[in-house]
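S.K.: The following block contains the structure, expressed as structure tokens.
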Amino acid sequence: MNSDTRSVVETRRSQQLPDSAAETLEHLLAVRVSYRSFHPDPVAEDTLDRILRTAQLTASWCNSQSWKVAITRGVGTDRLRAALTDAAISGGAEETDIPFPREYRGVHRDRRRESGFQLYNALGIERGDRTRQMQQTLENFNFFGAPHVAIIHTDEALGPYGAVDCGGYVSTFLLTAAAHGVGTIAQAALAMYPSVLREQLDLREDRTIVCGISFGYPDIEHPTNSYRTTRAPIDQVIDWIDS
């Protein structure tokens with residue numbers, strides 16, 4: 001780990017954590033963000049082991065523990081990065097194992113646009129600059145420079161419930177990583193080329209690829225990590241049924 005990365009990690013670890021379990025959870029949910037630039041230094045083995053052991057405690061339907069995870073490091077990361085980037089540059093779209101949203105409409109469209117505008121504004125990408133937008137899109141397949149990527153997959157026979165369980169696992173992984181000073185970003189984009197993932201990771205056809213998580217020690221100073229997305233107020237998402 002270089003000195004810059006070490007200083008970032010030590011700063012995060014030195015942050016005063018709240019006293020109660022509820023406050024700690026609220027704190028982690030508040031400070032966890034999706035990072036889009038990482039230092040190349042690998043996550044320490046003991047730290048990664050603790051993250052994985054904690055993530056394995058995730059609740060699941062009938063305790064089926066529907067997830068399996070392929071995690072890259074070193075040459076494995078470089079190999080997968082190159083294969084996915086080549087596929088993305090070639091422009092040959094594939095059918096994903098889990099269909100992407102048919103459309104974003106209403107508030108979902110508005111929230112998605114706000115997030116995209118925040119990213120482009122942070123990078124100084126003008127609306128209509130297709131070249132720079134494509135360059136930033138390709139960063140997904142570069143894992144934003146992260147030293148590791150986790151590909152989450154499940155048994156296709158479990159259907160939507162397997163994917164829901166995997167979603168729970170992803171959430172636990174992200175929060176646990178944040179607790180250890182490790183940055184993450186969950187990426188649906190990494191599921192866009194299932195044939196590449198199956199070939200590179202030796203996954204069978206009966207595995208449903210859900211998503212990926214790029215992770216490592218974040219580059220806090222990078223512009224893509226300078227903004228924070230908003231959350232809808234409670235009264236916009238909760239309907240109380242009293243009678």
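Just so we're on the same page: first chain in the structure tokens is A, next is B, and so on; residues restart at 1 for each chain, and ligands are numbered from 1 in the order they show up.
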Give me the region 93-163 of chain A side of the contact with region 197-211 of chain A, cut-off 7 Å, one line per residue showing its nearest atom pair and distance in Å at one decimal, counting only C-alpha atoms, sorted by chain and residue number, as JSON lines.
M.R.:
{"residue": "A:Asp97", "atom": "CA", "partner": "A:Thr208", "partner_atom": "CA", "distance": 5.7}
{"residue": "A:Ile98", "atom": "CA", "partner": "A:Val210", "partner_atom": "CA", "distance": 6.7}
{"residue": "A:Ile151", "atom": "CA", "partner": "A:Cys211", "partner_atom": "CA", "distance": 6.1}
{"residue": "A:Ile152", "atom": "CA", "partner": "A:Cys211", "partner_atom": "CA", "distance": 5.5}
{"residue": "A:His153", "atom": "CA", "partner": "A:Ile209", "partner_atom": "CA", "distance": 4.3}
{"residue": "A:Thr154", "atom": "CA", "partner": "A:Thr208", "partner_atom": "CA", "distance": 5.1}
{"residue": "A:Asp155", "atom": "CA", "partner": "A:Arg207", "partner_atom": "CA", "distance": 4.9}
{"residue": "A:Glu156", "atom": "CA", "partner": "A:Thr208", "partner_atom": "CA", "distance": 5.1}
{"residue": "A:Ala163", "atom": "CA", "partner": "A:Val210", "partner_atom": "CA", "distance": 6.5}
S.K.: Given the selection you just returned, output its residues as a file containing N, CA and C atoms, formatted as a PDB file, in the first residue's frame.
M.R.:
ATOM      1  N   ASP A  97     -28.506 -12.079 -18.243  1.00  0.00           N
ATOM      2  CA  ASP A  97     -29.245 -13.142 -17.560  1.00  0.00           C
ATOM      3  C   ASP A  97     -30.487 -12.590 -16.864  1.00  0.00           C
ATOM      4  N   ILE A  98     -30.365 -11.400 -16.289  1.00  0.00           N
ATOM      5  CA  ILE A  98     -31.501 -10.710 -15.682  1.00  0.00           C
ATOM      6  C   ILE A  98     -31.795  -9.488 -16.543  1.00  0.00           C
ATOM      7  N   ILE A 151     -17.929 -10.961  -8.749  1.00  0.00           N
ATOM      8  CA  ILE A 151     -19.079 -11.237  -9.613  1.00  0.00           C
ATOM      9  C   ILE A 151     -20.042 -12.122  -8.834  1.00  0.00           C
ATOM     10  N   ILE A 152     -21.271 -11.625  -8.659  1.00  0.00           N
ATOM     11  CA  ILE A 152     -22.281 -12.327  -7.862  1.00  0.00           C
ATOM     12  C   ILE A 152     -23.175 -13.130  -8.798  1.00  0.00           C
ATOM     13  N   HIS A 153     -23.315 -14.419  -8.516  1.00  0.00           N
ATOM     14  CA  HIS A 153     -24.175 -15.254  -9.360  1.00  0.00           C
ATOM     15  C   HIS A 153     -24.954 -16.238  -8.491  1.00  0.00           C
ATOM     16  N   THR A 154     -26.024 -16.801  -9.073  1.00  0.00           N
ATOM     17  CA  THR A 154     -26.913 -17.679  -8.324  1.00  0.00           C
ATOM     18  C   THR A 154     -27.399 -18.810  -9.215  1.00  0.00           C
ATOM     19  N   ASP A 155     -28.039 -19.796  -8.625  1.00  0.00           N
ATOM     20  CA  ASP A 155     -28.601 -20.924  -9.364  1.00  0.00           C
ATOM     21  C   ASP A 155     -29.843 -20.442 -10.123  1.00  0.00           C
ATOM     22  N   GLU A 156     -29.867 -20.664 -11.434  1.00  0.00           N
ATOM     23  CA  GLU A 156     -30.984 -20.154 -12.242  1.00  0.00           C
ATOM     24  C   GLU A 156     -32.320 -20.754 -11.801  1.00  0.00           C
ATOM     25  N   ALA A 163     -32.120 -14.019  -6.984  1.00  0.00           N
ATOM     26  CA  ALA A 163     -31.582 -12.684  -7.250  1.00  0.00           C
ATOM     27  C   ALA A 163     -31.827 -11.751  -6.074  1.00  0.00           C
TER      28      ALA A 163
END
S.K.: If we count only C-alpha atoms, what is near region 166-177 of chain A at a cut-off of 6 Å, once residues fewer than 4 positions away on the same chain are taken out, given as a list in words?
M.R.: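 Contacts, with the query itself left out: Ile51, Ala55, Thr58, Trp67 and Val182 of chain A.
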S.K.: With only C-alpha atoms as the counted atoms, please give the residues lying no more than 10 Å from region 103-116 of chain A, apart from itself and same-chain residues fewer than 4 positions off, as a PyMOL selection string.
M.R.: chain A and resi 120-122+227-232+236
S.K.: Please report the interatomic distance between CA of Phe141 (chain A) and CA of Leu190 (chain A) in Å with one decimal.
M.R.: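 Atom-to-atom, CA of Phe141 (chain A) and CA of Leu190 (chain A) are spaced 6.7 Å apart.
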S.K.: Could you list, as a VMD selection string, every residue within 7 Å of Phe215 (chain A), counting only C-alpha atoms and ignoring same-chain residues fewer than 6 positions away?
M.R.: chain A and resid 146 to 149 182 to 185
